[in-house]
file my_file.cif (mmCIF, C-alpha atoms and all ligand atoms)
data_structure
loop_
_atom_site.group_PDB
_atom_site.id
_atom_site.type_symbol
_atom_site.label_atom_id
_atom_site.label_comp_id
_atom_site.auth_asym_id
_atom_site.auth_seq_id
_atom_site.Cartn_x
_atom_site.Cartn_y
_atom_site.Cartn_z
ATOM 1 C CA MET A 1 -34.988 1.633 -42.594
ATOM 2 C CA ASN A 2 -32.740 -0.970 -41.085
ATOM 3 C CA MET A 3 -31.588 -3.380 -43.789
ATOM 4 C CA GLN A 4 -29.570 -2.197 -46.763
ATOM 5 C CA PRO A 5 -31.263 -2.030 -50.185
ATOM 6 C CA PHE A 6 -30.696 -5.072 -52.369
ATOM 7 C CA ILE A 7 -29.410 -4.167 -55.825
ATOM 8 C CA GLY A 8 -29.050 -6.492 -58.766
ATOM 9 C CA ILE A 9 -25.870 -6.035 -60.768
ATOM 10 C CA SER A 10 -24.250 -7.477 -63.899
ATOM 11 C CA GLY A 11 -21.653 -9.878 -62.522
ATOM 12 C CA CYS A 12 -18.750 -8.475 -64.539
ATOM 13 C CA LEU A 13 -19.218 -5.038 -62.895
ATOM 14 C CA THR A 14 -18.370 -6.498 -59.497
ATOM 15 C CA GLY A 15 -14.927 -7.556 -60.766
ATOM 16 C CA SER A 16 -15.820 -11.206 -61.429
ATOM 17 C CA ALA A 17 -14.064 -12.561 -64.500
ATOM 18 C CA VAL A 18 -17.250 -13.636 -66.287
ATOM 19 C CA ARG A 19 -16.932 -11.817 -69.597
ATOM 20 C CA PHE A 20 -16.679 -13.711 -72.885
ATOM 21 C CA ASP A 21 -12.919 -13.022 -73.000
ATOM 22 C CA GLY A 22 -12.298 -14.012 -69.393
ATOM 23 C CA GLY A 23 -12.100 -10.403 -68.201
ATOM 24 C CA HIS A 24 -14.293 -8.166 -66.068
ATOM 25 C CA LYS A 25 -15.458 -4.545 -66.064
ATOM 26 C CA ARG A 26 -15.258 -3.641 -62.382
ATOM 27 C CA ALA A 27 -17.174 -0.416 -61.691
ATOM 28 C CA ALA A 28 -15.135 1.515 -59.132
ATOM 29 C CA PHE A 29 -17.828 3.943 -57.873
ATOM 30 C CA VAL A 30 -20.367 1.176 -57.576
ATOM 31 C CA MET A 31 -18.138 -1.260 -55.719
ATOM 32 C CA ASP A 32 -16.012 1.116 -53.633
ATOM 33 C CA ARG A 33 -18.581 3.757 -52.643
ATOM 34 C CA LEU A 34 -22.135 2.634 -53.271
ATOM 35 C CA GLY A 35 -21.212 -0.864 -52.079
ATOM 36 C CA ARG A 36 -20.856 0.391 -48.521
ATOM 37 C CA TRP A 37 -24.566 1.255 -48.399
ATOM 38 C CA VAL A 38 -26.240 -1.496 -50.416
ATOM 39 C CA SER A 39 -26.118 -5.286 -50.774
ATOM 40 C CA PHE A 40 -25.465 -6.611 -54.268
ATOM 41 C CA ARG A 41 -27.154 -9.541 -56.006
ATOM 42 C CA PRO A 42 -24.774 -10.242 -58.937
ATOM 43 C CA ILE A 43 -25.824 -12.210 -61.996
ATOM 44 C CA CYS A 44 -24.168 -12.933 -65.322
ATOM 45 C CA PRO A 45 -27.065 -13.889 -67.614
ATOM 46 C CA GLU A 46 -24.800 -15.462 -70.237
ATOM 47 C CA MET A 47 -23.117 -17.750 -67.729
ATOM 48 C CA ALA A 48 -26.413 -18.402 -65.976
ATOM 49 C CA MET A 49 -27.917 -19.718 -69.206
ATOM 50 C CA GLY A 50 -25.076 -22.202 -69.438
ATOM 51 C CA LEU A 51 -22.289 -20.569 -71.435
ATOM 52 C CA PRO A 52 -18.673 -20.981 -70.288
ATOM 53 C CA VAL A 53 -15.815 -18.515 -69.773
ATOM 54 C CA PRO A 54 -14.214 -17.842 -72.171
ATOM 55 C CA ARG A 55 -16.927 -18.078 -74.820
ATOM 56 C CA PRO A 56 -17.522 -16.730 -78.310
ATOM 57 C CA ALA A 57 -18.938 -13.210 -78.376
ATOM 58 C CA LEU A 58 -22.670 -12.713 -78.839
ATOM 59 C CA ARG A 59 -24.456 -9.989 -80.767
ATOM 60 C CA LEU A 60 -27.980 -8.728 -81.380
ATOM 61 C CA VAL A 61 -29.282 -9.488 -84.858
ATOM 62 C CA GLN A 62 -32.329 -7.734 -86.298
ATOM 63 C CA THR A 63 -34.060 -9.914 -88.835
ATOM 64 C CA THR A 64 -35.683 -8.516 -91.966
ATOM 65 C CA ALA A 65 -39.019 -9.014 -90.171
ATOM 66 C CA GLY A 66 -37.741 -6.714 -87.406
ATOM 67 C CA ASP A 67 -37.367 -9.348 -84.671
ATOM 68 C CA ILE A 68 -34.334 -9.191 -82.397
ATOM 69 C CA HIS A 69 -32.289 -12.363 -81.965
ATOM 70 C CA MET A 70 -29.224 -13.187 -79.943
ATOM 71 C CA ARG A 71 -26.589 -15.026 -81.948
ATOM 72 C CA PHE A 72 -22.882 -15.805 -81.839
ATOM 73 C CA SER A 73 -20.758 -13.352 -83.813
ATOM 74 C CA HIS A 74 -18.657 -16.109 -85.405
ATOM 75 C CA ALA A 75 -21.568 -18.488 -86.045
ATOM 76 C CA PRO A 76 -24.711 -16.508 -86.956
ATOM 77 C CA HIS A 77 -26.767 -19.702 -87.347
ATOM 78 C CA GLU A 78 -26.333 -20.493 -83.645
ATOM 79 C CA ASP A 79 -29.252 -18.716 -82.013
ATOM 80 C CA VAL A 80 -29.513 -18.499 -78.221
ATOM 81 C CA THR A 81 -32.578 -16.218 -78.072
ATOM 82 C CA GLY A 82 -34.835 -18.976 -76.700
ATOM 83 C CA LYS A 83 -32.259 -20.034 -74.116
ATOM 84 C CA MET A 84 -31.891 -16.473 -72.847
ATOM 85 C CA ALA A 85 -35.680 -16.001 -72.772
ATOM 86 C CA ASP A 86 -36.068 -19.174 -70.683
ATOM 87 C CA PHE A 87 -33.393 -18.023 -68.263
ATOM 88 C CA CYS A 88 -34.972 -14.550 -67.951
ATOM 89 C CA GLU A 89 -38.408 -15.959 -67.253
ATOM 90 C CA GLY A 90 -37.201 -18.193 -64.429
ATOM 91 C CA TYR A 91 -34.733 -15.739 -62.916
ATOM 92 C CA LEU A 92 -36.947 -12.672 -63.035
ATOM 93 C CA SER A 93 -39.954 -14.352 -61.480
ATOM 94 C CA GLY A 94 -37.877 -15.286 -58.422
ATOM 95 C CA LEU A 95 -36.084 -11.968 -58.107
ATOM 96 C CA GLY A 96 -37.700 -10.796 -54.866
ATOM 97 C CA GLU A 97 -37.700 -7.228 -53.578
ATOM 98 C CA LEU A 98 -34.844 -5.473 -55.324
ATOM 99 C CA SER A 99 -34.486 -1.692 -55.075
ATOM 100 C CA GLY A 100 -32.416 -1.202 -58.212
ATOM 101 C CA PHE A 101 -30.300 -2.842 -60.894
ATOM 102 C CA ILE A 102 -26.962 -1.772 -62.380
ATOM 103 C CA VAL A 103 -26.249 -3.248 -65.776
ATOM 104 C CA CYS A 104 -23.205 -3.351 -68.018
ATOM 105 C CA ALA A 105 -23.354 -1.001 -71.017
ATOM 106 C CA LYS A 106 -23.182 -2.117 -74.658
ATOM 107 C CA SER A 107 -23.674 -5.815 -73.901
ATOM 108 C CA PRO A 108 -26.176 -7.755 -76.053
ATOM 109 C CA SER A 109 -27.423 -9.276 -72.787
ATOM 110 C CA CYS A 110 -27.116 -6.477 -70.228
ATOM 111 C CA GLY A 111 -26.980 -3.174 -72.163
ATOM 112 C CA MET A 112 -29.788 -0.765 -71.283
ATOM 113 C CA GLU A 113 -29.692 1.303 -74.457
ATOM 114 C CA ARG A 114 -27.695 1.925 -77.631
ATOM 115 C CA VAL A 115 -26.558 -1.658 -78.099
ATOM 116 C CA ARG A 116 -25.299 -2.271 -81.655
ATOM 117 C CA LEU A 117 -27.688 -4.160 -83.929
ATOM 118 C CA TYR A 118 -26.467 -6.301 -86.850
ATOM 119 C CA ASP A 119 -28.335 -7.464 -89.899
ATOM 120 C CA GLU A 120 -28.622 -11.148 -90.795
ATOM 121 C CA LYS A 121 -25.584 -10.944 -93.073
ATOM 122 C CA GLY A 122 -23.426 -9.686 -90.196
ATOM 123 C CA ASN A 123 -23.282 -6.029 -91.203
ATOM 124 C CA PRO A 124 -23.214 -3.604 -88.268
ATOM 125 C CA GLY A 125 -26.262 -1.350 -88.069
ATOM 126 C CA ARG A 126 -27.436 1.363 -85.722
ATOM 127 C CA LYS A 127 -26.920 1.416 -81.962
ATOM 128 C CA GLU A 128 -30.596 1.106 -81.150
ATOM 129 C CA GLY A 129 -30.768 -2.192 -79.292
ATOM 130 C CA VAL A 130 -31.404 -3.135 -75.675
ATOM 131 C CA GLY A 131 -29.732 -6.160 -74.128
ATOM 132 C CA VAL A 132 -32.120 -9.112 -74.022
ATOM 133 C CA PHE A 133 -31.838 -9.628 -70.263
ATOM 134 C CA THR A 134 -32.242 -5.940 -69.400
ATOM 135 C CA ALA A 135 -35.179 -5.541 -71.782
ATOM 136 C CA ALA A 136 -36.965 -8.385 -69.980
ATOM 137 C CA LEU A 137 -36.022 -6.929 -66.580
ATOM 138 C CA MET A 138 -37.414 -3.473 -67.415
ATOM 139 C CA GLU A 139 -40.567 -4.940 -68.904
ATOM 140 C CA LYS A 140 -41.331 -7.040 -65.825
ATOM 141 C CA TYR A 141 -40.394 -4.351 -63.273
ATOM 142 C CA PRO A 142 -41.113 -0.985 -64.933
ATOM 143 C CA TRP A 143 -40.839 0.875 -61.606
ATOM 144 C CA LEU A 144 -37.372 -0.506 -60.811
ATOM 145 C CA PRO A 145 -34.436 1.953 -61.054
ATOM 146 C CA VAL A 146 -32.139 0.512 -63.733
ATOM 147 C CA GLU A 147 -28.921 2.217 -64.747
ATOM 148 C CA GLU A 148 -25.769 1.452 -66.728
ATOM 149 C CA ASP A 149 -22.252 1.563 -65.272
ATOM 150 C CA GLY A 150 -21.074 4.228 -67.739
ATOM 151 C CA ARG A 151 -24.021 6.563 -67.135
ATOM 152 C CA LEU A 152 -23.274 6.489 -63.404
ATOM 153 C CA HIS A 153 -20.202 8.664 -64.110
ATOM 154 C CA ASP A 154 -22.630 11.531 -64.767
ATOM 155 C CA PRO A 155 -23.248 13.254 -61.373
ATOM 156 C CA VAL A 156 -26.913 14.039 -62.154
ATOM 157 C CA LEU A 157 -27.754 10.521 -63.360
ATOM 158 C CA ARG A 158 -25.779 9.027 -60.501
ATOM 159 C CA GLU A 159 -27.625 10.997 -57.848
ATOM 160 C CA ASN A 160 -30.953 10.343 -59.524
ATOM 161 C CA PHE A 161 -30.350 6.591 -59.541
ATOM 162 C CA VAL A 162 -29.209 6.477 -55.912
ATOM 163 C CA GLU A 163 -32.154 8.611 -54.809
ATOM 164 C CA ARG A 164 -34.606 6.276 -56.529
ATOM 165 C CA VAL A 165 -32.944 3.215 -55.023
ATOM 166 C CA PHE A 166 -33.380 4.516 -51.488
ATOM 167 C CA ALA A 167 -36.961 5.667 -52.136
ATOM 168 C CA LEU A 168 -37.931 2.253 -53.492
ATOM 169 C CA HIS A 169 -36.144 0.562 -50.614
ATOM 170 C CA GLU A 170 -38.226 2.567 -48.199
ATOM 171 C CA LEU A 171 -41.411 1.647 -50.046
ATOM 172 C CA ASN A 172 -40.422 -2.024 -50.103
ATOM 173 C CA THR A 173 -39.782 -1.840 -46.359
ATOM 174 C CA LEU A 174 -43.198 -0.269 -45.733
ATOM 175 C CA ARG A 175 -44.899 -3.110 -47.544
ATOM 176 C CA LYS A 176 -42.811 -5.702 -45.742
ATOM 177 C CA ASN A 177 -43.769 -4.240 -42.360
ATOM 178 C CA GLY A 178 -47.461 -4.139 -43.259
ATOM 179 C CA LEU A 179 -49.336 -1.427 -45.132
ATOM 180 C CA THR A 180 -51.746 0.902 -43.381
ATOM 181 C CA ARG A 181 -53.318 4.129 -44.598
ATOM 182 C CA ARG A 182 -51.403 6.027 -41.933
ATOM 183 C CA VAL A 183 -47.964 4.815 -43.048
ATOM 184 C CA MET A 184 -48.766 5.517 -46.699
ATOM 185 C CA LEU A 185 -49.899 9.066 -45.907
ATOM 186 C CA ASP A 186 -46.866 9.682 -43.683
ATOM 187 C CA PHE A 187 -44.567 8.399 -46.399
ATOM 188 C CA HIS A 188 -46.106 10.696 -48.980
ATOM 189 C CA SER A 189 -45.934 13.713 -46.657
ATOM 190 C CA ARG A 190 -42.217 13.144 -46.163
ATOM 191 C CA TYR A 191 -41.596 12.958 -49.918
ATOM 192 C CA LYS A 192 -43.535 16.089 -50.925
ATOM 193 C CA LEU A 193 -40.618 18.488 -51.370
ATOM 194 C CA GLN A 194 -38.532 15.803 -53.049
ATOM 195 C CA LEU A 195 -41.284 15.185 -55.595
ATOM 196 C CA LEU A 196 -41.643 18.918 -56.159
ATOM 197 C CA ALA A 197 -37.934 19.131 -56.933
ATOM 198 C CA HIS A 198 -38.254 16.418 -59.557
ATOM 199 C CA HIS A 199 -41.415 17.292 -61.438
ATOM 200 C CA GLN A 200 -43.951 19.928 -60.532
ATOM 201 C CA ALA A 201 -46.715 18.556 -62.773
ATOM 202 C CA GLY A 202 -46.176 15.037 -61.383
ATOM 203 C CA TYR A 203 -46.269 16.414 -57.853
ATOM 204 C CA ARG A 204 -49.599 18.097 -58.560
ATOM 205 C CA GLU A 205 -51.000 14.961 -60.187
ATOM 206 C CA ILE A 206 -50.068 12.516 -57.424
ATOM 207 C CA GLY A 207 -51.563 14.692 -54.631
ATOM 208 C CA PRO A 208 -55.242 14.073 -55.507
ATOM 209 C CA PHE A 209 -54.447 10.385 -56.034
ATOM 210 C CA VAL A 210 -53.108 10.128 -52.471
ATOM 211 C CA ALA A 211 -56.094 12.111 -51.217
ATOM 212 C CA SER A 212 -58.337 9.368 -52.639
ATOM 213 C CA LEU A 213 -56.661 6.740 -50.435
ATOM 214 C CA HIS A 214 -59.679 6.469 -48.108
ATOM 215 C CA GLU A 215 -61.741 5.233 -51.084
ATOM 216 C CA TRP A 216 -59.413 2.272 -51.664
ATOM 217 C CA GLU A 217 -60.299 -0.983 -49.960
ATOM 218 C CA ASP A 218 -57.346 -2.845 -51.429
ATOM 219 C CA LEU A 219 -54.222 -1.179 -49.994
ATOM 220 C CA GLU A 220 -51.918 -3.462 -51.991
ATOM 221 C CA ALA A 221 -53.518 -2.277 -55.234
ATOM 222 C CA PHE A 222 -53.169 1.345 -54.097
ATOM 223 C CA PHE A 223 -49.543 0.719 -53.178
ATOM 224 C CA ASP A 224 -48.740 -0.751 -56.618
ATOM 225 C CA LEU A 225 -50.179 2.255 -58.407
ATOM 226 C CA TYR A 226 -48.630 4.747 -55.979
ATOM 227 C CA ARG A 227 -45.213 3.118 -56.407
ATOM 228 C CA ASP A 228 -45.518 3.416 -60.216
ATOM 229 C CA LYS A 229 -46.427 7.083 -59.993
ATOM 230 C CA LEU A 230 -43.801 7.978 -57.401
ATOM 231 C CA MET A 231 -40.978 6.183 -59.188
ATOM 232 C CA ALA A 232 -41.966 7.800 -62.513
ATOM 233 C CA ILE A 233 -41.762 11.273 -60.931
ATOM 234 C CA LEU A 234 -38.426 10.574 -59.258
ATOM 235 C CA LYS A 235 -37.040 9.321 -62.567
ATOM 236 C CA LYS A 236 -37.249 12.862 -63.941
ATOM 237 C CA PRO A 237 -33.943 14.514 -63.022
ATOM 238 C CA ALA A 238 -34.255 17.177 -60.320
ATOM 239 C CA LEU A 239 -33.083 20.207 -62.283
ATOM 240 C CA ARG A 240 -31.421 23.276 -60.845
ATOM 241 C CA LYS A 241 -34.521 25.372 -61.596
ATOM 242 C CA ASN A 242 -36.826 23.067 -59.638
ATOM 243 C CA HIS A 243 -34.351 22.763 -56.763
ATOM 244 C CA THR A 244 -34.188 26.558 -56.638
ATOM 245 C CA ASN A 245 -37.981 26.768 -56.348
ATOM 246 C CA VAL A 246 -37.966 24.252 -53.510
ATOM 247 C CA LEU A 247 -35.088 25.988 -51.710
ATOM 248 C CA MET A 248 -36.883 29.349 -52.007
ATOM 249 C CA HIS A 249 -40.049 27.691 -50.709
ATOM 250 C CA ILE A 250 -38.148 26.350 -47.670
ATOM 251 C CA GLN A 251 -36.583 29.749 -47.116
ATOM 252 C CA GLY A 252 -40.089 31.149 -46.636
ATOM 253 C CA TYR A 253 -40.517 29.043 -43.475
ATOM 254 C CA PHE A 254 -37.824 31.113 -41.728
ATOM 255 C CA ARG A 255 -39.081 34.504 -42.842
ATOM 256 C CA LYS A 256 -40.064 35.593 -39.358
ATOM 257 C CA GLN A 257 -37.044 34.257 -37.478
ATOM 258 C CA LEU A 258 -34.219 35.554 -39.676
ATOM 259 C CA THR A 259 -32.794 39.058 -39.703
ATOM 260 C CA THR A 260 -32.763 41.059 -42.921
ATOM 261 C CA ARG A 261 -29.050 40.307 -43.295
ATOM 262 C CA GLN A 262 -29.576 36.557 -42.797
ATOM 263 C CA ARG A 263 -32.458 36.481 -45.272
ATOM 264 C CA GLY A 264 -30.346 38.335 -47.831
ATOM 265 C CA GLU A 265 -27.414 35.970 -47.328
ATOM 266 C CA LEU A 266 -29.656 32.916 -47.688
ATOM 267 C CA ARG A 267 -31.304 34.290 -50.808
ATOM 268 C CA GLU A 268 -27.951 35.107 -52.358
ATOM 269 C CA THR A 269 -26.655 31.595 -51.624
ATOM 270 C CA ILE A 270 -29.709 30.076 -53.309
ATOM 271 C CA LEU A 271 -29.356 32.386 -56.309
ATOM 272 C CA ASN A 272 -25.644 31.563 -56.593
ATOM 273 C CA TYR A 273 -26.585 27.898 -56.644
ATOM 274 C CA HIS A 274 -29.158 28.686 -59.345
ATOM 275 C CA ALA A 275 -26.458 30.458 -61.354
ATOM 276 C CA GLY A 276 -24.177 27.398 -61.106
ATOM 277 C CA LEU A 277 -21.650 29.163 -58.867
ATOM 278 C CA LEU A 278 -22.231 26.930 -55.832
ATOM 279 C CA PRO A 279 -23.147 23.284 -55.295
ATOM 280 C CA ILE A 280 -26.557 22.558 -53.818
ATOM 281 C CA LEU A 281 -24.720 21.583 -50.666
ATOM 282 C CA ALA A 282 -24.210 25.307 -49.869
ATOM 283 C CA PRO A 283 -27.856 26.476 -49.575
ATOM 284 C CA MET A 284 -28.826 23.071 -48.194
ATOM 285 C CA THR A 285 -26.315 23.358 -45.341
ATOM 286 C CA LEU A 286 -27.511 26.851 -44.511
ATOM 287 C CA LEU A 287 -31.153 25.754 -44.515
ATOM 288 C CA LYS A 288 -30.358 22.745 -42.335
ATOM 289 C CA HIS A 289 -28.586 25.048 -39.925
ATOM 290 C CA TYR A 290 -31.670 27.300 -39.651
ATOM 291 C CA LEU A 291 -33.898 24.266 -39.339
ATOM 292 C CA ALA A 292 -31.870 23.063 -36.354
ATOM 293 C CA GLU A 293 -32.068 26.568 -34.904
ATOM 294 C CA TYR A 294 -35.797 27.054 -35.606
ATOM 295 C CA PRO A 295 -37.386 23.581 -35.768
ATOM 296 C CA ASP A 296 -40.458 23.041 -37.933
ATOM 297 C CA GLY A 297 -42.380 19.761 -37.788
ATOM 298 C CA TYR A 298 -43.215 19.577 -41.492
ATOM 299 C CA LEU A 299 -39.764 20.556 -42.733
ATOM 300 C CA SER A 300 -37.876 18.341 -40.279
ATOM 301 C CA MET A 301 -39.506 15.188 -41.630
ATOM 302 C CA GLN A 302 -38.840 16.024 -45.306
ATOM 303 C CA ASN A 303 -36.778 13.387 -47.068
ATOM 304 C CA TYR A 304 -35.606 16.128 -49.434
ATOM 305 C CA PHE A 305 -32.793 17.131 -47.079
ATOM 306 C CA ASP A 306 -31.226 13.643 -46.987
ATOM 307 C CA PRO A 307 -32.727 11.401 -49.689
ATOM 308 C CA TYR A 308 -29.857 8.876 -49.352
ATOM 309 C CA PRO A 309 -27.037 8.301 -46.843
ATOM 310 C CA PRO A 310 -25.093 11.599 -46.623
ATOM 311 C CA GLY A 311 -21.884 9.545 -46.450
ATOM 312 C CA LEU A 312 -22.232 8.929 -50.193
ATOM 313 C CA ALA A 313 -21.278 12.608 -50.586
ATOM 314 C CA LEU A 314 -23.025 12.982 -53.949
ATOM 315 C CA ARG A 315 -23.926 16.621 -53.365
ATOM 316 C CA LEU A 316 -20.331 17.817 -53.452
ATOM 317 C CA ALA A 317 -20.661 18.135 -57.216
ATOM 318 C CA VAL A 318 -22.311 21.252 -58.661
ATOM 319 C CA ASN A 319 -25.646 19.878 -59.838
HETATM 320 FE FE1 LIG B 1 -22.208 -11.359 -68.096
HETATM 321 FE FE2 LIG B 1 -23.778 -9.248 -68.592
HETATM 322 FE FE3 LIG B 1 -21.264 -8.880 -67.908
HETATM 323 FE FE4 LIG B 1 -21.836 -9.932 -70.291
HETATM 324 S S1 LIG B 1 -22.330 -7.891 -69.567
HETATM 325 S S2 LIG B 1 -20.266 -10.633 -68.856
HETATM 326 S S3 LIG B 1 -23.645 -11.131 -69.766
HETATM 327 S S4 LIG B 1 -22.823 -9.807 -66.635
#
call {"tool": "encode", "arguments": {"input": "my_file.cif", "output": "structure tokens"}}
result
Amino acid sequence: MNMQPFIGISGCLTGSAVRFDGGHKRAAFVMDRLGRWVSFRPICPEMAMGLPVPRPALRLVQTTAGDIHMRFSHAPHEDVTGKMADFCEGYLSGLGELSGFIVCAKSPSCGMERVRLYDEKGNPGRKEGVGVFTAALMEKYPWLPVEEDGRLHDPVLRENFVERVFALHELNTLRKNGLTRRVMLDFHSRYKLQLLAHHQAGYREIGPFVASLHEWEDLEAFFDLYRDKLMAILKKPALRKNHTNVLMHIQGYFRKQLTTRQRGELRETILNYHAGLLPILAPMTLLKHYLAEYPDGYLSMQNYFDPYPPGLALRLAVN
């Protein structure tokens, strides 16, 4: 992979003063850390559909028929639903190969979940809405990693998002360079342990699908389906239990080379990780050390060891 992944982002999260009140919501982790490894494509949907800064606040209104509309808080008769839909249609069809999108929480345009809904009389209802822009984004690109700024404070969600971004970037790069059966099979081989760590049932389901690759004449069609399946598996958080299984599985590769003491130490490190006493970095570092000492072709190519740039240092947290 040479170029950095392109990531869409709500403009206000970059520090641009595009919010209705003339402010911003700069996301420190995203801009200061992740920003060193990705290229951002900022967009403020409300400004892009022609609204100024400052502007009256918008809200999501659920009609008695159940439809969701976007209206100004101070002037409920002024409906901008159609305007936003027109903007989304044009913008999303020209989006190009993004590898992820970070959206601003709670916004009637950009929120990914739990956006407040109002009734037609202006009474606040439940937080069950999705921002109009983000809803359209997720509908058009269901495989795209989309995450909110606030949720990225959670170490597990943060790592999961970053991992998916770099996996999709690699897939996008494969397609850009020209698909062949060989590159698709090599890609899948490298992702096996990573998939196992995320979802064992998904891992077992995608294997036979990949094995049917020789029956596919249309590689683009295969790629589309494979991307959907792979991204759905990676979306499931890699839990401690699954990581432990994978780490134990890797440990088995060194059974013959390690002394009884080394095997015991490795096993104890993995079990301490399983018990929440150590970060995954501990057994991972030990396994990498043994892998350098006793190289194995299959293990060495596994993306599981470094699914994103190690400089992001996301594995320092106990997860
Ligand atoms: Fe613009 Fe979205 Fe930020 Fe609102 S949340 S200011 S629409 S980028």
call {"tool": "closest_atom_pairs", "arguments": {"input": "my_file.cif", "of": "chain A", "to": "ligand LIG 1 (chain B)", "cutoff": "8 Å", "atoms": "only C-alpha atoms and all ligand atoms", "output": "tab-separated table"}}
result
residue	atom	partner	partner_atom	distance
A:Ile9	CA	B:LIG1	S4	7.6
A:Ser10	CA	B:LIG1	S4	3.9
A:Gly11	CA	B:LIG1	S4	4.3
A:Cys12	CA	B:LIG1	FE3	4.2
A:Leu13	CA	B:LIG1	FE3	6.6
A:Ala17	CA	B:LIG1	S2	7.8
A:Val18	CA	B:LIG1	S2	5.0
A:Arg19	CA	B:LIG1	S2	3.6
A:Phe20	CA	B:LIG1	S2	6.2
A:His24	CA	B:LIG1	S2	7.0
A:Lys25	CA	B:LIG1	FE3	7.5
A:Pro42	CA	B:LIG1	S4	8.0
A:Ile43	CA	B:LIG1	S4	6.0
A:Cys44	CA	B:LIG1	S4	3.6
A:Pro45	CA	B:LIG1	S3	4.9
A:Glu46	CA	B:LIG1	S3	4.5
A:Met47	CA	B:LIG1	FE1	6.5
A:Val103	CA	B:LIG1	FE2	7.1
A:Cys104	CA	B:LIG1	S1	4.9
A:Ala105	CA	B:LIG1	S1	7.1
A:Lys106	CA	B:LIG1	S1	7.7
A:Ser107	CA	B:LIG1	S1	5.0
A:Pro108	CA	B:LIG1	FE4	7.5
A:Ser109	CA	B:LIG1	S3	5.2
A:Cys110	CA	B:LIG1	FE2	4.6
A:Gly111	CA	B:LIG1	S1	7.1
call {"tool": "atom_distance", "arguments": {"input": "my_file.cif", "atom1": "CA of Phe222 (chain A)", "atom2": "CA of Pro5 (chain A)"}}
result
22.5 Å
call {"tool": "resolve_selection", "arguments": {"input": "my_file.cif", "expression": "the PyMOL selection byres (((chain A and resi 126) around 10) and not hetatm)", "output": "list in words"}}
result
Arg114, Val115, Arg116, Leu117, Tyr118, Asp119, Pro124, Gly125, Lys127, Glu128 and Gly129 of chain A
call {"tool": "atom_distance", "arguments": {"input": "my_file.cif", "atom1": "CA of Gly311 (chain A)", "atom2": "CA of Tyr253 (chain A)"}}
result
27.1 Å
call {"tool": "residues_around", "arguments": {"input": "my_file.cif", "residues": "Lys83 (chain A)", "least_positions_apart": "6", "cutoff": "10 Å", "atoms": "all atoms listed in the file", "output": "list in words"}}
result
Glu46, Met49, Gly50 and Met70 of chain A
call {"tool": "closest_residue", "arguments": {"input": "my_file.cif", "among": "A:Tyr226, A:Phe305, A:Trp37, A:Tyr273", "to": "Leu287 (chain A)", "atoms": "only C-alpha atoms"}}
result
A:Phe305
call {"tool": "resolve_selection", "arguments": {"input": "my_file.cif", "expression": "the PyMOL selection byres (((chain A and resi 191-208) around 6) and not hetatm)", "output": "PyMOL selection string"}}
result
chain A and resi 188-190+209-211+233-234+236-238+242-243+303-304
call {"tool": "atom_distance", "arguments": {"input": "my_file.cif", "atom1": "CA of Arg240 (chain A)", "atom2": "CA of Pro283 (chain A)"}}
result
12.2 Å
call {"tool": "resolve_selection", "arguments": {"input": "my_file.cif", "expression": "the PyMOL selection byres (((chain A and resi 315) around 12) and not hetatm)", "output": "list in words"}}
result
Pro155, Val156, Arg158, Glu159, Asn160, Val162, Glu163, Leu278, Pro279, Ile280, Leu281, Ala282, Pro283, Met284, Thr285, Phe305, Asp306, Pro307, Tyr308, Pro309, Pro310, Gly311, Leu312, Ala313, Leu314, Leu316, Ala317, Val318 and Asn319 of chain A
call {"tool": "closest_residue", "arguments": {"input": "my_file.cif", "among": "A:Glu220, A:Asp296, A:Asp149, A:Asp228", "to": "Gln257 (chain A)", "atoms": "all atoms listed in the file"}}
result
A:Asp296
call {"tool": "closest_residue", "arguments": {"input": "my_file.cif", "among": "A:His153, A:Arg55, A:Arg33, A:Arg164", "to": "Gly100 (chain A)", "atoms": "all atoms listed in the file"}}
result
A:Arg164
call {"tool": "residues_around", "arguments": {"input": "my_file.cif", "residues": "Ile68 (chain A)", "least_positions_apart": "2", "cutoff": "10 Å", "atoms": "all atoms listed in the file", "output": "JSON, numbers by chain"}}
result
{"A": [60, 61, 62, 63, 64, 65, 66, 70, 71, 81, 117, 118, 119, 129, 130, 131, 132]}
call {"tool": "closest_residue", "arguments": {"input": "my_file.cif", "among": "A:Arg182, A:His249, A:Lys176, A:Arg151", "to": "Leu299 (chain A)", "atoms": "all atoms listed in the file"}}
result
A:His249
call {"tool": "closest_residue", "arguments": {"input": "my_file.cif", "among": "A:Tyr298, A:Phe6, A:Tyr141, A:Phe166", "to": "Asp186 (chain A)", "atoms": "all atoms listed in the file"}}
result
A:Tyr298
call {"tool": "closest_residue", "arguments": {"input": "my_file.cif", "among": "A:Arg181, A:Arg41, A:His69, A:His74", "to": "Ser99 (chain A)", "atoms": "all atoms listed in the file"}}
result
A:Arg41
call {"tool": "residues_near_point", "arguments": {"input": "my_file.cif", "point": "(-34.6, 3.4, -60.1)", "cutoff": "6 Å", "atoms": "all atoms listed in the file", "output": "mmCIF file with C-alpha atoms, in the frame of the given file"}}
result
data_model
loop_
_atom_site.group_PDB
_atom_site.id
_atom_site.type_symbol
_atom_site.label_atom_id
_atom_site.label_comp_id
_atom_site.auth_asym_id
_atom_site.auth_seq_id
_atom_site.Cartn_x
_atom_site.Cartn_y
_atom_site.Cartn_z
ATOM 1 C CA GLY A 100 -32.416 -1.202 -58.212
ATOM 2 C CA LEU A 144 -37.372 -0.506 -60.811
ATOM 3 C CA PRO A 145 -34.436 1.953 -61.054
ATOM 4 C CA VAL A 146 -32.139 0.512 -63.733
ATOM 5 C CA PHE A 161 -30.350 6.591 -59.541
ATOM 6 C CA ARG A 164 -34.606 6.276 -56.529
ATOM 7 C CA VAL A 165 -32.944 3.215 -55.023
#
